[in-house]
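query21.pdb (PDB, C-alpha atoms and all ligand atoms)
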ATOM      1  CA  MET Z   6      14.706   4.512  -8.952  1.00  0.00           C
ATOM      2  CA  ASN Z   7      12.746   6.018  -6.126  1.00  0.00           C
ATOM      3  CA  ILE Z   8      12.308   3.711  -3.120  1.00  0.00           C
ATOM      4  CA  LEU Z   9       9.649   4.750  -0.627  1.00  0.00           C
ATOM      5  CA  THR Z  10       9.148   3.005   2.698  1.00  0.00           C
ATOM      6  CA  PHE Z  11       5.927   3.141   4.680  1.00  0.00           C
ATOM      7  CA  GLN Z  12       5.400   2.521   8.375  1.00  0.00           C
ATOM      8  CA  SER Z  13       1.953   1.060   7.910  1.00  0.00           C
ATOM      9  CA  THR Z  14       0.023  -0.753   5.209  1.00  0.00           C
ATOM     10  CA  GLU Z  15      -2.640   1.984   5.355  1.00  0.00           C
ATOM     11  CA  GLU Z  16      -0.087   4.673   4.510  1.00  0.00           C
ATOM     12  CA  LEU Z  17       1.298   2.573   1.673  1.00  0.00           C
ATOM     13  CA  ASN Z  18      -2.164   1.920   0.243  1.00  0.00           C
ATOM     14  CA  GLU Z  19      -3.117   5.600   0.463  1.00  0.00           C
ATOM     15  CA  ALA Z  20       0.112   6.685  -1.222  1.00  0.00           C
ATOM     16  CA  GLY Z  21      -0.264   4.046  -3.964  1.00  0.00           C
ATOM     17  CA  ALA Z  22      -3.832   5.094  -4.687  1.00  0.00           C
ATOM     18  CA  GLY Z  23      -2.728   8.743  -4.523  1.00  0.00           C
ATOM     19  CA  ILE Z  24      -0.299   8.227  -7.403  1.00  0.00           C
ATOM     20  CA  ILE Z  25      -3.053   6.742  -9.573  1.00  0.00           C
ATOM     21  CA  VAL Z  26      -5.510   9.499  -8.595  1.00  0.00           C
ATOM     22  CA  SER Z  27      -2.987  12.247  -9.419  1.00  0.00           C
ATOM     23  CA  LEU Z  28      -2.279  10.661 -12.796  1.00  0.00           C
ATOM     24  CA  LEU Z  29      -5.984  10.491 -13.687  1.00  0.00           C
ATOM     25  CA  GLN Z  30      -6.578  14.032 -12.462  1.00  0.00           C
ATOM     26  CA  THR Z  31      -3.916  15.406 -14.790  1.00  0.00           C
ATOM     27  CA  LYS Z  32      -4.430  12.866 -17.595  1.00  0.00           C
ATOM     28  CA  PRO Z  33      -8.030  11.539 -17.510  1.00  0.00           C
ATOM     29  CA  ASP Z  34      -7.411   9.310 -20.572  1.00  0.00           C
ATOM     30  CA  ALA Z  35      -4.399   7.590 -19.000  1.00  0.00           C
ATOM     31  CA  VAL Z  36      -3.614   3.962 -19.818  1.00  0.00           C
ATOM     32  CA  LEU Z  37      -3.320   1.955 -16.616  1.00  0.00           C
ATOM     33  CA  GLY Z  38      -1.465  -1.344 -16.327  1.00  0.00           C
ATOM     34  CA  LEU Z  39      -3.121  -3.273 -13.520  1.00  0.00           C
ATOM     35  CA  ALA Z  40      -1.909  -6.112 -11.340  1.00  0.00           C
ATOM     36  CA  THR Z  41      -3.670  -8.695  -9.202  1.00  0.00           C
ATOM     37  CA  GLY Z  42      -2.546 -10.720  -6.190  1.00  0.00           C
ATOM     38  CA  GLY Z  43      -2.913  -9.871  -2.519  1.00  0.00           C
ATOM     39  CA  THR Z  44      -0.562  -6.875  -2.646  1.00  0.00           C
ATOM     40  CA  PRO Z  45      -2.626  -4.244  -4.507  1.00  0.00           C
ATOM     41  CA  VAL Z  46      -5.999  -5.061  -2.903  1.00  0.00           C
ATOM     42  CA  GLY Z  47      -5.682  -2.223  -0.366  1.00  0.00           C
ATOM     43  CA  VAL Z  48      -4.563   0.225  -3.053  1.00  0.00           C
ATOM     44  CA  TYR Z  49      -7.688  -0.568  -5.088  1.00  0.00           C
ATOM     45  CA  GLU Z  50      -9.790  -0.165  -1.946  1.00  0.00           C
ATOM     46  CA  GLN Z  51      -8.377   3.341  -1.421  1.00  0.00           C
ATOM     47  CA  LEU Z  52      -8.875   4.108  -5.096  1.00  0.00           C
ATOM     48  CA  VAL Z  53     -12.561   3.195  -4.828  1.00  0.00           C
ATOM     49  CA  LYS Z  54     -12.826   5.489  -1.776  1.00  0.00           C
ATOM     50  CA  SER Z  55     -11.287   8.358  -3.761  1.00  0.00           C
ATOM     51  CA  TYR Z  56     -13.713   7.685  -6.608  1.00  0.00           C
ATOM     52  CA  LYS Z  57     -16.678   7.705  -4.220  1.00  0.00           C
ATOM     53  CA  LYS Z  58     -15.479  11.016  -2.784  1.00  0.00           C
ATOM     54  CA  GLY Z  59     -15.540  12.435  -6.318  1.00  0.00           C
ATOM     55  CA  LEU Z  60     -11.771  12.956  -6.459  1.00  0.00           C
ATOM     56  CA  VAL Z  61     -11.244  10.887  -9.576  1.00  0.00           C
ATOM     57  CA  SER Z  62     -13.028   9.494 -12.624  1.00  0.00           C
ATOM     58  CA  PHE Z  63     -12.052   6.537 -14.811  1.00  0.00           C
ATOM     59  CA  LYS Z  64     -14.503   7.383 -17.605  1.00  0.00           C
ATOM     60  CA  LYS Z  65     -11.817   8.194 -20.154  1.00  0.00           C
ATOM     61  CA  ALA Z  66      -9.158   5.805 -18.862  1.00  0.00           C
ATOM     62  CA  THR Z  67      -8.130   2.481 -20.374  1.00  0.00           C
ATOM     63  CA  SER Z  68      -6.835  -0.506 -18.458  1.00  0.00           C
ATOM     64  CA  PHE Z  69      -4.721  -3.519 -19.326  1.00  0.00           C
ATOM     65  CA  ASN Z  70      -4.242  -6.326 -16.863  1.00  0.00           C
ATOM     66  CA  LEU Z  71      -0.923  -8.075 -16.644  1.00  0.00           C
ATOM     67  CA  ASP Z  72      -2.073 -11.653 -16.654  1.00  0.00           C
ATOM     68  CA  GLU Z  73      -4.771 -14.287 -16.333  1.00  0.00           C
ATOM     69  CA  TYR Z  74      -4.923 -18.020 -15.629  1.00  0.00           C
ATOM     70  CA  VAL Z  75      -5.530 -20.308 -18.590  1.00  0.00           C
ATOM     71  CA  GLY Z  76      -8.565 -22.558 -18.388  1.00  0.00           C
ATOM     72  CA  LEU Z  77     -10.275 -21.015 -15.375  1.00  0.00           C
ATOM     73  CA  PRO Z  78     -13.853 -19.934 -16.190  1.00  0.00           C
ATOM     74  CA  ARG Z  79     -14.083 -16.119 -16.147  1.00  0.00           C
ATOM     75  CA  GLU Z  80     -16.705 -16.284 -13.416  1.00  0.00           C
ATOM     76  CA  HIS Z  81     -14.521 -18.540 -11.214  1.00  0.00           C
ATOM     77  CA  GLU Z  82     -13.938 -16.776  -7.907  1.00  0.00           C
ATOM     78  CA  GLN Z  83     -10.149 -16.950  -8.414  1.00  0.00           C
ATOM     79  CA  SER Z  84      -9.972 -15.724 -11.989  1.00  0.00           C
ATOM     80  CA  TYR Z  85      -8.229 -12.375 -12.316  1.00  0.00           C
ATOM     81  CA  TYR Z  86     -11.312 -11.191 -14.197  1.00  0.00           C
ATOM     82  CA  THR Z  87     -13.423 -11.787 -11.056  1.00  0.00           C
ATOM     83  CA  TYR Z  88     -10.706 -10.273  -8.856  1.00  0.00           C
ATOM     84  CA  MET Z  89     -10.659  -7.066 -10.896  1.00  0.00           C
ATOM     85  CA  LYS Z  90     -14.440  -6.812 -10.951  1.00  0.00           C
ATOM     86  CA  GLU Z  91     -14.726  -7.323  -7.202  1.00  0.00           C
ATOM     87  CA  ASN Z  92     -11.833  -5.121  -6.175  1.00  0.00           C
ATOM     88  CA  LEU Z  93     -12.149  -2.274  -8.657  1.00  0.00           C
ATOM     89  CA  PHE Z  94     -14.242  -2.425 -11.809  1.00  0.00           C
ATOM     90  CA  ASN Z  95     -17.639  -2.974 -10.128  1.00  0.00           C
ATOM     91  CA  HIS Z  96     -17.108   0.138  -8.004  1.00  0.00           C
ATOM     92  CA  VAL Z  97     -15.780   2.755 -10.438  1.00  0.00           C
ATOM     93  CA  ASP Z  98     -16.896   4.306 -13.734  1.00  0.00           C
ATOM     94  CA  LEU Z  99     -14.352   2.641 -16.033  1.00  0.00           C
ATOM     95  CA  PRO Z 100     -16.377   1.620 -19.127  1.00  0.00           C
ATOM     96  CA  ALA Z 101     -16.327  -2.129 -19.846  1.00  0.00           C
ATOM     97  CA  GLU Z 102     -15.101  -1.596 -23.420  1.00  0.00           C
ATOM     98  CA  GLN Z 103     -12.011   0.183 -22.082  1.00  0.00           C
ATOM     99  CA  ILE Z 104     -11.050  -2.750 -19.831  1.00  0.00           C
ATOM    100  CA  HIS Z 105      -8.620  -5.361 -21.145  1.00  0.00           C
ATOM    101  CA  ILE Z 106      -7.766  -8.644 -19.455  1.00  0.00           C
ATOM    102  CA  PRO Z 107      -6.274 -11.581 -21.358  1.00  0.00           C
ATOM    103  CA  ASP Z 108      -8.958 -14.195 -22.034  1.00  0.00           C
ATOM    104  CA  GLY Z 109      -7.682 -17.349 -20.374  1.00  0.00           C
ATOM    105  CA  ASN Z 110     -10.513 -19.323 -21.955  1.00  0.00           C
ATOM    106  CA  ALA Z 111      -9.832 -18.369 -25.542  1.00  0.00           C
ATOM    107  CA  PRO Z 112      -9.976 -21.490 -27.758  1.00  0.00           C
ATOM    108  CA  ASP Z 113      -6.514 -20.610 -29.077  1.00  0.00           C
ATOM    109  CA  PRO Z 114      -4.443 -19.030 -26.266  1.00  0.00           C
ATOM    110  CA  GLU Z 115      -1.560 -18.213 -28.626  1.00  0.00           C
ATOM    111  CA  ALA Z 116      -3.932 -16.273 -30.882  1.00  0.00           C
ATOM    112  CA  GLU Z 117      -5.320 -14.534 -27.797  1.00  0.00           C
ATOM    113  CA  CYS Z 118      -1.756 -13.435 -26.911  1.00  0.00           C
ATOM    114  CA  ARG Z 119      -1.296 -11.969 -30.388  1.00  0.00           C
ATOM    115  CA  GLN Z 120      -4.594 -10.114 -30.138  1.00  0.00           C
ATOM    116  CA  TYR Z 121      -3.662  -8.762 -26.727  1.00  0.00           C
ATOM    117  CA  GLU Z 122      -0.378  -7.497 -28.150  1.00  0.00           C
ATOM    118  CA  GLU Z 123      -2.289  -5.746 -30.933  1.00  0.00           C
ATOM    119  CA  LYS Z 124      -4.562  -4.039 -28.408  1.00  0.00           C
ATOM    120  CA  LEU Z 125      -1.544  -2.957 -26.384  1.00  0.00           C
ATOM    121  CA  ALA Z 126       0.144  -1.660 -29.514  1.00  0.00           C
ATOM    122  CA  LYS Z 127      -2.941   0.412 -30.351  1.00  0.00           C
ATOM    123  CA  ALA Z 128      -2.893   1.915 -26.859  1.00  0.00           C
ATOM    124  CA  LYS Z 129       0.733   2.882 -27.621  1.00  0.00           C
ATOM    125  CA  GLN Z 130       2.079   3.193 -24.080  1.00  0.00           C
ATOM    126  CA  ILE Z 131       0.970   2.305 -20.597  1.00  0.00           C
ATOM    127  CA  ASP Z 132       1.230   5.451 -18.481  1.00  0.00           C
ATOM    128  CA  LEU Z 133       1.430   3.689 -15.146  1.00  0.00           C
ATOM    129  CA  GLN Z 134       2.147   0.000 -14.666  1.00  0.00           C
ATOM    130  CA  ILE Z 135       1.369  -1.375 -11.225  1.00  0.00           C
ATOM    131  CA  LEU Z 136       3.380  -4.436 -10.276  1.00  0.00           C
ATOM    132  CA  GLY Z 137       3.503  -6.870  -7.404  1.00  0.00           C
ATOM    133  CA  LEU Z 138       6.377  -9.278  -6.865  1.00  0.00           C
ATOM    134  CA  GLY Z 139       6.310 -13.063  -6.799  1.00  0.00           C
ATOM    135  CA  HIS Z 140       8.299 -14.875  -4.101  1.00  0.00           C
ATOM    136  CA  ASN Z 141      10.572 -16.202  -6.817  1.00  0.00           C
ATOM    137  CA  GLY Z 142      11.057 -12.735  -8.314  1.00  0.00           C
ATOM    138  CA  HIS Z 143       8.437 -12.993 -11.040  1.00  0.00           C
ATOM    139  CA  ILE Z 144       6.586  -9.948 -12.360  1.00  0.00           C
ATOM    140  CA  GLY Z 145       3.202 -10.549 -13.930  1.00  0.00           C
ATOM    141  CA  PHE Z 146       3.654 -14.250 -14.565  1.00  0.00           C
ATOM    142  CA  ASN Z 147       7.122 -13.883 -16.088  1.00  0.00           C
ATOM    143  CA  GLU Z 148       8.826 -16.724 -14.268  1.00  0.00           C
ATOM    144  CA  PRO Z 149      12.595 -17.012 -13.672  1.00  0.00           C
ATOM    145  CA  ASP Z 150      14.200 -18.623 -16.713  1.00  0.00           C
ATOM    146  CA  HIS Z 151      17.414 -18.647 -18.763  1.00  0.00           C
ATOM    147  CA  ALA Z 152      15.608 -16.342 -21.220  1.00  0.00           C
ATOM    148  CA  LEU Z 153      12.536 -14.135 -20.981  1.00  0.00           C
ATOM    149  CA  VAL Z 154       9.833 -13.397 -23.533  1.00  0.00           C
ATOM    150  CA  SER Z 155       9.234  -9.789 -24.524  1.00  0.00           C
ATOM    151  CA  GLY Z 156       5.607  -9.957 -25.675  1.00  0.00           C
ATOM    152  CA  THR Z 157       2.370 -11.437 -24.312  1.00  0.00           C
ATOM    153  CA  HIS Z 158       2.718 -15.206 -24.101  1.00  0.00           C
ATOM    154  CA  VAL Z 159       1.477 -18.419 -22.529  1.00  0.00           C
ATOM    155  CA  VAL Z 160       3.590 -19.469 -19.568  1.00  0.00           C
ATOM    156  CA  LYS Z 161       3.887 -22.659 -17.546  1.00  0.00           C
ATOM    157  CA  LEU Z 162       3.728 -21.702 -13.884  1.00  0.00           C
ATOM    158  CA  GLN Z 163       6.552 -22.882 -11.669  1.00  0.00           C
ATOM    159  CA  GLU Z 164       6.071 -25.089  -8.639  1.00  0.00           C
ATOM    160  CA  GLU Z 165       6.842 -22.205  -6.259  1.00  0.00           C
ATOM    161  CA  THR Z 166       4.186 -20.030  -7.899  1.00  0.00           C
ATOM    162  CA  LEU Z 167       1.629 -22.832  -7.773  1.00  0.00           C
ATOM    163  CA  ARG Z 168       2.407 -23.267  -4.074  1.00  0.00           C
ATOM    164  CA  ALA Z 169       2.191 -19.528  -3.373  1.00  0.00           C
ATOM    165  CA  ASN Z 170      -1.146 -19.215  -5.178  1.00  0.00           C
ATOM    166  CA  ALA Z 171      -2.588 -22.422  -3.691  1.00  0.00           C
ATOM    167  CA  ARG Z 172      -3.689 -20.370  -0.679  1.00  0.00           C
ATOM    168  CA  TYR Z 173      -6.517 -18.997  -2.795  1.00  0.00           C
ATOM    169  CA  PHE Z 174      -7.732 -22.434  -3.930  1.00  0.00           C
ATOM    170  CA  ASP Z 175      -9.009 -25.515  -2.059  1.00  0.00           C
ATOM    171  CA  SER Z 176      -5.884 -27.445  -3.030  1.00  0.00           C
ATOM    172  CA  ILE Z 177      -2.710 -26.984  -5.076  1.00  0.00           C
ATOM    173  CA  GLU Z 178      -4.124 -29.343  -7.733  1.00  0.00           C
ATOM    174  CA  GLU Z 179      -6.804 -26.761  -8.495  1.00  0.00           C
ATOM    175  CA  VAL Z 180      -4.325 -23.987  -9.308  1.00  0.00           C
ATOM    176  CA  PRO Z 181      -4.158 -23.644 -13.118  1.00  0.00           C
ATOM    177  CA  LYS Z 182      -0.784 -24.745 -14.480  1.00  0.00           C
ATOM    178  CA  LEU Z 183      -0.742 -22.245 -17.328  1.00  0.00           C
ATOM    179  CA  ALA Z 184      -1.310 -18.520 -17.590  1.00  0.00           C
ATOM    180  CA  ILE Z 185      -1.229 -15.747 -20.158  1.00  0.00           C
ATOM    181  CA  THR Z 186       1.058 -12.887 -19.187  1.00  0.00           C
ATOM    182  CA  MET Z 187       2.258  -9.639 -20.634  1.00  0.00           C
ATOM    183  CA  GLY Z 188       5.962 -10.023 -21.367  1.00  0.00           C
ATOM    184  CA  VAL Z 189       8.779  -8.070 -19.752  1.00  0.00           C
ATOM    185  CA  GLY Z 190       9.240  -6.024 -22.931  1.00  0.00           C
ATOM    186  CA  MET Z 191       5.780  -4.519 -22.651  1.00  0.00           C
ATOM    187  CA  ILE Z 192       6.112  -4.027 -18.892  1.00  0.00           C
ATOM    188  CA  LEU Z 193       9.357  -2.124 -19.380  1.00  0.00           C
ATOM    189  CA  LYS Z 194       7.785   0.076 -22.061  1.00  0.00           C
ATOM    190  CA  ALA Z 195       5.475   1.666 -19.479  1.00  0.00           C
ATOM    191  CA  LYS Z 196       6.140   5.330 -18.827  1.00  0.00           C
ATOM    192  CA  THR Z 197       6.187   4.814 -15.058  1.00  0.00           C
ATOM    193  CA  ILE Z 198       6.316   1.565 -13.102  1.00  0.00           C
ATOM    194  CA  LEU Z 199       4.977   1.332  -9.577  1.00  0.00           C
ATOM    195  CA  LEU Z 200       6.321  -1.764  -7.836  1.00  0.00           C
ATOM    196  CA  ILE Z 201       4.560  -2.527  -4.564  1.00  0.00           C
ATOM    197  CA  VAL Z 202       6.044  -5.065  -2.168  1.00  0.00           C
ATOM    198  CA  ARG Z 203       4.829  -5.979   1.293  1.00  0.00           C
ATOM    199  CA  GLY Z 204       5.908  -8.436   3.954  1.00  0.00           C
ATOM    200  CA  GLU Z 205       9.032  -9.929   5.437  1.00  0.00           C
ATOM    201  CA  ASP Z 206       8.783 -12.980   3.167  1.00  0.00           C
ATOM    202  CA  LYS Z 207       9.636 -10.736   0.204  1.00  0.00           C
ATOM    203  CA  ALA Z 208      12.311  -8.586   1.890  1.00  0.00           C
ATOM    204  CA  LYS Z 209      15.221 -10.603   0.530  1.00  0.00           C
ATOM    205  CA  ILE Z 210      13.982 -11.058  -3.009  1.00  0.00           C
ATOM    206  CA  VAL Z 211      13.062  -7.388  -3.457  1.00  0.00           C
ATOM    207  CA  HIS Z 212      16.477  -6.312  -2.184  1.00  0.00           C
ATOM    208  CA  GLU Z 213      18.249  -8.746  -4.495  1.00  0.00           C
ATOM    209  CA  ALA Z 214      16.067  -7.721  -7.448  1.00  0.00           C
ATOM    210  CA  LEU Z 215      16.766  -4.019  -7.018  1.00  0.00           C
ATOM    211  CA  THR Z 216      20.407  -4.079  -5.929  1.00  0.00           C
ATOM    212  CA  GLY Z 217      21.862  -7.317  -7.317  1.00  0.00           C
ATOM    213  CA  PRO Z 218      22.899  -8.306 -10.832  1.00  0.00           C
ATOM    214  CA  ILE Z 219      20.334  -7.992 -13.601  1.00  0.00           C
ATOM    215  CA  ARG Z 220      19.472 -11.485 -14.759  1.00  0.00           C
ATOM    216  CA  THR Z 221      16.550 -13.307 -16.324  1.00  0.00           C
ATOM    217  CA  GLU Z 222      16.599 -15.825 -13.461  1.00  0.00           C
ATOM    218  CA  LEU Z 223      15.250 -12.941 -11.385  1.00  0.00           C
ATOM    219  CA  PRO Z 224      12.801 -11.184 -13.712  1.00  0.00           C
ATOM    220  CA  ALA Z 225      12.152  -8.248 -11.353  1.00  0.00           C
ATOM    221  CA  SER Z 226      15.871  -7.337 -11.568  1.00  0.00           C
ATOM    222  CA  LEU Z 227      15.199  -6.049 -15.098  1.00  0.00           C
ATOM    223  CA  LEU Z 228      13.227  -3.235 -13.467  1.00  0.00           C
ATOM    224  CA  GLN Z 229      16.588  -1.688 -12.544  1.00  0.00           C
ATOM    225  CA  THR Z 230      16.919  -0.675 -16.192  1.00  0.00           C
ATOM    226  CA  HIS Z 231      13.692   1.347 -16.133  1.00  0.00           C
ATOM    227  CA  PRO Z 232      14.170   5.136 -16.085  1.00  0.00           C
ATOM    228  CA  ASN Z 233      11.065   5.823 -14.024  1.00  0.00           C
ATOM    229  CA  LEU Z 234      10.619   3.185 -11.350  1.00  0.00           C
ATOM    230  CA  VAL Z 235       8.837   3.934  -8.075  1.00  0.00           C
ATOM    231  CA  VAL Z 236       9.080   1.246  -5.407  1.00  0.00           C
ATOM    232  CA  MET Z 237       6.740   1.191  -2.429  1.00  0.00           C
ATOM    233  CA  LEU Z 238       7.737  -1.024   0.463  1.00  0.00           C
ATOM    234  CA  ASP Z 239       6.238  -1.594   3.868  1.00  0.00           C
ATOM    235  CA  ASN Z 240       8.561  -1.733   6.840  1.00  0.00           C
ATOM    236  CA  ALA Z 241       8.937  -5.497   6.749  1.00  0.00           C
ATOM    237  CA  ALA Z 242       9.789  -5.636   3.041  1.00  0.00           C
ATOM    238  CA  SER Z 243      12.354  -2.823   3.377  1.00  0.00           C
ATOM    239  CA  ARG Z 244      14.449  -4.663   5.966  1.00  0.00           C
ATOM    240  CA  TYR Z 245      17.599  -5.065   3.827  1.00  0.00           C
ATOM    241  CA  PHE Z 246      17.661  -1.545   2.372  1.00  0.00           C
TER     242      PHE Z 246
HETATM  243  C1  LIG T 301       0.812 -13.596  -8.720  1.00  0.00           C
HETATM  244  C2  LIG T 301       0.553 -12.602  -9.876  1.00  0.00           C
HETATM  245  C3  LIG T 301       1.499 -11.453  -9.825  1.00  0.00           C
HETATM  246  C4  LIG T 301       1.614 -10.990  -8.392  1.00  0.00           C
HETATM  247  C5  LIG T 301       2.352 -12.020  -7.593  1.00  0.00           C
HETATM  248  C6  LIG T 301       2.400 -11.752  -6.109  1.00  0.00           C
HETATM  249  O1  LIG T 301       1.070 -14.882  -9.122  1.00  0.00           O
HETATM  250  N1  LIG T 301       0.588 -13.172 -11.183  1.00  0.00           N
HETATM  251  O2  LIG T 301       1.066 -10.418 -10.698  1.00  0.00           O
HETATM  252  O3  LIG T 301       2.323  -9.780  -8.316  1.00  0.00           O
HETATM  253  O4  LIG T 301       1.915 -13.317  -7.887  1.00  0.00           O
HETATM  254  O5  LIG T 301       1.176 -11.987  -5.507  1.00  0.00           O
HETATM  255  P1  LIG T 301       0.818 -11.505  -4.040  1.00  0.00           P
HETATM  256  O6  LIG T 301       0.651 -10.038  -4.113  1.00  0.00           O
HETATM  257  O7  LIG T 301      -0.476 -12.202  -3.722  1.00  0.00           O
HETATM  258  O8  LIG T 301       1.940 -11.914  -3.160  1.00  0.00           O
END
So, in terms of structure tokens, how does the structure I just supplied come out?
Ligand code: GLP
Amino acid sequence: MNILTFQSTEELNEAGAGIIVSLLQTKPDAVLGLATGGTPVGVYEQLVKSYKKGLVSFKKATSFNLDEYVGLPREHEQSYYTYMKENLFNHVDLPAEQIHIPDGNAPDPEAECRQYEEKLAKAKQIDLQILGLGHNGHIGFNEPDHALVSGTHVVKLQEETLRANARYFDSIEEVPKLAITMGVGMILKAKTILLIVRGEDKAKIVHEALTGPIRTELPASLLQTHPNLVVMLDNAASRYF
């Protein structure tokens, strides 16, 4: 595991985007695993800047998003579909047919999970999986539990997650209670994982996840088993290292 600490958010965002740019420069048809949430917004912003400077193209790349809310219209301002369009897809040359995000409005969410798994299987391996970290240690929407699911599945979001994500909605009642998420098995199959964590409020959980016992009650702790994990922390998040 390679833990990198950055003095400023700008440096972290530039370095994060730099890793993705380098990958696409050497492997234009790379498969990218993309995350949402507040954490990677600045990385995507830098990535768009690099694209506009002509440093990188996404034309041959493929993307798979980690997760999506169930029951939120795609066009809803808080759907992960809208997030990805606004923060990245609308600004780069990644063809729409090479973009994959679980459909949270599929009539049969379980069938949608199976189809997503099939698409992932066809892509063989994610070259670079970007991850944020939930306050309760979740990755994607894999919530702490006595057991974890390997493949794409429907998950009931925990109270803490609903509370954390309520900041994006008018009230906590509006936060969808269910989501579709890639499972930990698929996340761990990625060739390289880039875990990005910012802020003092995550300092303790990221330290515990990366140095404490590996347990399903702290899903991010499973990342310790990955042979190629890069962790990017800002100063505040790196406090206990
Ligand atoms: C969300 C997402 C995760 C994300 C995490 C942290 O619920 N499902 O993929 O990493 O929570 O979000 P943030 O970066 O906004 O703190």
Q) Residues at most 6 Å from stretch 45-52 of chain Z, counting all atoms listed in the file, excluding those fewer than 5 positions away in the same chain, as an MDAnalysis selection string? A) chainID Z and resid 18 21:22 93
Q) Contacts of stretch 219-227 of chain Z at 12 Å or less, counting all atoms listed in the file, minus same-chain residues fewer than 5 places along, as a ChimeraX atom specification? A) /Z:136-155,188-190,192-194,198,200-202,210-214,232,234,236
Q) If we count only C-alpha atoms, what is near Z:Ala184 at a cut-off of 6 Å, once residues fewer than 5 positions away on the same chain are taken out, given as a PyMOL selection string? A) chain Z and resi 73-75+159-160
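Using only C-alpha atoms, the nearest neighbour of Z:Ala66 within the list Z:Met89, Z:Leu17, Z:Ala195, Z:Ala35 is Z:Ala35.
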Q: Would you kindly translate the PyMOL selection byres (((chain Z and resi 25) around 10) and not hetatm) into the concrete residues it picks from this file, as a list in words?
A: Ala20, Gly21, Ala22, Gly23, Ile24, Val26, Ser27, Leu28, Leu29, Gln30, Ala35, Leu37, Val48, Tyr49, Leu52, Val61, Asp132, Leu133, Gln134, Ile135 and Leu199 of chain Z
Q: Would you please work out which residue, of Z:Leu183, Z:Leu228, Z:Val97, Z:Ala242, is nearest to Z:Lys209 when using only C-alpha atoms?
A: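 When distances to Z:Lys209 are compared using only C-alpha atoms, the smallest one comes from Z:Ala242.
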What are the centre and edge lengths in Å, to one decimal, of the axis-aligned box around all listed atoms of ligand LIG 301 (chain T) with 4 Å added on each side, as JSON?
{"center_x": 1.0, "center_y": -12.3, "center_z": -7.2, "size_x": 10.9, "size_y": 13.1, "size_z": 16.0}
Q. Where does the PyMOL selection byres (((chain Z and resi 114-125) around 8) and not hetatm) land in this file, that is, which residues does it pick, as a list in words?
A. Phe69, Val75, Pro107, Asp108, Gly109, Asn110, Ala111, Pro112, Asp113, Ala126, Lys127, Ala128, Lys129, Gln130, Gly156, Thr157, His158, Val159 and Ile185 of chain Z
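Comparing the minimum interatomic distances between Z:Thr186 and each of Z:Leu9, Z:Leu60, Z:Leu162, Z:Leu215, counting all atoms listed in the file, we find that Z:Leu162 sits nearest.
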Q) In Å to one decimal, how far is atom CA of Z:Ala40 from atom CA of Z:His105? A)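 Atom-to-atom, atom CA of Z:His105 and atom CA of Z:Ala40 are spaced 11.9 Å apart.
Compared by their closest atoms to ligand LIG 301 (chain T), and using all atoms listed in the file, the residues Z:Thr41, Z:Thr197, Z:Thr14, Z:Asn7 rank with Z:Thr41 nearest.
Our summary of the geometry notes that atom CA of Z:Ala101 is positioned 17.9 Å from atom CA of Z:Ile131.
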Q) So how many Å separate atom CA of Z:Thr67 and atom CA of Z:Gln103, to one decimal? A)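 Separating atom CA of Z:Thr67 from atom CA of Z:Gln103 is a distance of 4.8 Å.
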Q | Output of the PyMOL selection byres (((chain Z and resi 99) around 6) and not hetatm), listed as a list in words | A | Phe63, Lys64, Val97, Asp98 and Pro100 of chain Z
**Q.** Counting only C-alpha atoms and all ligand atoms, the option among Z:Thr166, Z:Asn233, Z:Gln83, Z:Thr31 closest to ligand LIG 301 (chain T)
**A.** Z:Thr166
Q: Measuring atom to atom with only C-alpha atoms, identify which of Z:Leu77, Z:Arg244, Z:Asp206, Z:Leu71 is nearest to Z:Ala169.
A: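 Looking only at the distances to Z:Ala169, the closest residue turns out to be Z:Asp206.
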